[in-house]
Protein chains: 4
Amino acid sequence: MSHDVVPAGSPSYLNRKDDYLKRLRRIEGQARGLQRMVEDEQYCIDILTQVSAMTRALQSVSLGLLDEHLSHCVVGAAAAGGREAEEKVREASEAIARLVRS
Amino acid sequence: MSHDVVPAGSPSYLNRKDDYLKRLRRIEGQARGLQRMVEDEQYCIDILTQVSAMTRALQSVSLGLLDEHLSHCVVGAAAAGGREAEEKVREASEAIARLVRS
Amino acid sequence: MSHDVVPAGSPSYLNRKDDYLKRLRRIEGQARGLQRMVEDEQYCIDILTQVSAMTRALQSVSLGLLDEHLSHCVVGAAAAGGREAEEKVREASEAIARLVRS
Amino acid sequence: MSHDVVPAGSPSYLNRKDDYLKRLRRIEGQARGLQRMVEDEQYCIDILTQVSAMTRALQSVSLGLLDEHLSHCVVGAAAAGGREAEEKVREASEAIARLVRS
């Protein structure tokens, strides 16, 4: 595997931490931009377009985190054997359900 | 109608501007909270839970803005007559599609 | 308006009934295709791809119905005046929320 | 693990095949019910409510299949070692992205 096996439970996005921080700062900026648009009483539909863009950016963060979680925590736990993998899959499935339904 | 008919095109969320600003400030705070969680290398699944909460908060802003847009701009344009209403509906339908697909 | 104003409450998709029936028959066919895939024990991921295609087809039916509902019922009620439009918008907003959250 | 490790790639929902077939037959029935509603020219909003119910039923099938895929194929491949697990995770992540975006 090219993915390093990290101990199950430890954050699996360590190498890409800076990338996630950058994306989240951009999302924070989008939230501020939306406040300015409301403040300036811009057109509803334009605001909605920005909210959709921000939602997609957030979704993309989720999908990235989930992929790394599966690659590292779930695969790591399964490789280590024992019941840990089962618990990790259950957690991941619940997170996926929240994501799909949100 | 209890809703005031505002001229089509003018922002329809005027009365609730403060409420929207408050909700967007809270969403901005959630984006900062997520950065702290990544900074502190918290558990992926916990971060994902927070991202889902933030996505739901954004969705709720969208649904609110859309409802007011329909109540004011679309209904206002239709009451005024002419082709304006058709254009407003087309715009609203496109915004709904973006929302559903994001 | 090129859209005929139909009495509020009457089905607004009348002209496109055949189109909707055709799309729903295709969706029914997709549901049968999925049963065959499960029966034949095909690969999970391939089944999931088909479920996503079917979900998108359903979503597209929803967005079409909603657009016609706004164009006809909501605009019709608003043009007629009175409190009817308000009730129609409330109903439409609730349907949009169910759609976005499903 | 209580989950049997099945060879990676073999269908992981074997034990629950009958349950999935039953759910998909019910979804097929919902598609037929929607055709009757359109045929009978029922109210748009009522049709939309049924489409949302059907979408949720489909989503629940997806989430179930995905959970079993993770539990069996992904965990099985990881336990077996080698590069297979990586490929399984990539496939699963792509399926999750399609699901979240549909």
# chains A, B, ... in the order shown; residues from 1 in each chain; ligands from 1
call {"tool": "residues_around", "arguments": {"residues": "A:Lys17", "least_positions_apart": "6", "cutoff": "12 Å", "atoms": "only C-alpha atoms", "output": "list of chain:residue names"}}
result
A:Pro11, A:Arg23, A:Leu24, A:Val61, A:Gly64, A:Leu65, A:Glu68, B:Leu34, B:Gln35, B:Arg36, B:Met37, B:Val38, B:Glu39, B:Asp40, B:Glu41, B:Gln42, B:Cys44
call {"tool": "interface_residues", "arguments": {"of": "chain D", "to": "chain C", "cutoff": "7 Å", "atoms": "only C-alpha atoms", "output": "PyMOL selection string"}}
result
chain D and resi 9-11+17+21+24+27-28+31-32+35+38+41-45+48-49+51-52+55-56+58+62+65+69+95+98-99+102
call {"tool": "write_last_selection", "arguments": {"atoms": "C-alpha atoms", "output": "short mmCIF file (atom, residue, chain, number, x, y, z; two decimals), in the first residue's frame"}}
result
data_model
loop_
_atom_site.label_atom_id
_atom_site.label_comp_id
_atom_site.auth_asym_id
_atom_site.auth_seq_id
_atom_site.Cartn_x
_atom_site.Cartn_y
_atom_site.Cartn_z
CA GLY D 9 -15.10 -8.63 -5.46
CA SER D 10 -17.73 -11.23 -4.67
CA PRO D 11 -21.13 -9.78 -3.82
CA LYS D 17 -30.38 -10.65 -1.01
CA LEU D 21 -35.22 -7.78 -3.58
CA LEU D 24 -36.64 -3.01 -4.72
CA ILE D 27 -39.78 0.73 -4.96
CA GLU D 28 -40.99 -0.65 -8.32
CA ALA D 31 -43.00 3.88 -9.49
CA ARG D 32 -46.25 2.28 -10.66
CA GLN D 35 -47.89 6.59 -12.82
CA VAL D 38 -50.20 11.20 -12.91
CA GLU D 41 -54.15 13.92 -12.60
CA GLN D 42 -53.65 14.13 -8.87
CA TYR D 43 -52.32 17.23 -7.19
CA CYS D 44 -48.65 18.05 -7.97
CA ILE D 45 -47.69 18.49 -4.36
CA LEU D 48 -43.96 15.33 -5.13
CA THR D 49 -44.49 13.92 -1.62
CA VAL D 51 -41.44 11.06 -5.20
CA SER D 52 -39.61 12.19 -2.04
CA THR D 55 -36.12 8.80 -3.26
CA ARG D 56 -35.61 8.16 0.45
CA LEU D 58 -33.72 4.30 -2.81
CA SER D 62 -27.77 2.66 -1.36
CA LEU D 65 -25.33 -1.69 0.03
CA HIS D 69 -19.55 -3.21 0.68
CA ALA D 95 -19.65 5.67 -5.25
CA ARG D 98 -22.05 9.97 -6.71
CA LEU D 99 -24.50 9.24 -3.91
CA SER D 102 -27.26 12.73 -6.65
#
call {"tool": "atom_distance", "arguments": {"atom1": "atom CA of C:Glu84", "atom2": "atom CA of B:Asp19"}}
result
26.9 Å
call {"tool": "atom_distance", "arguments": {"atom1": "atom CA of C:Ala85", "atom2": "atom CA of B:Val75"}}
result
7.1 Å
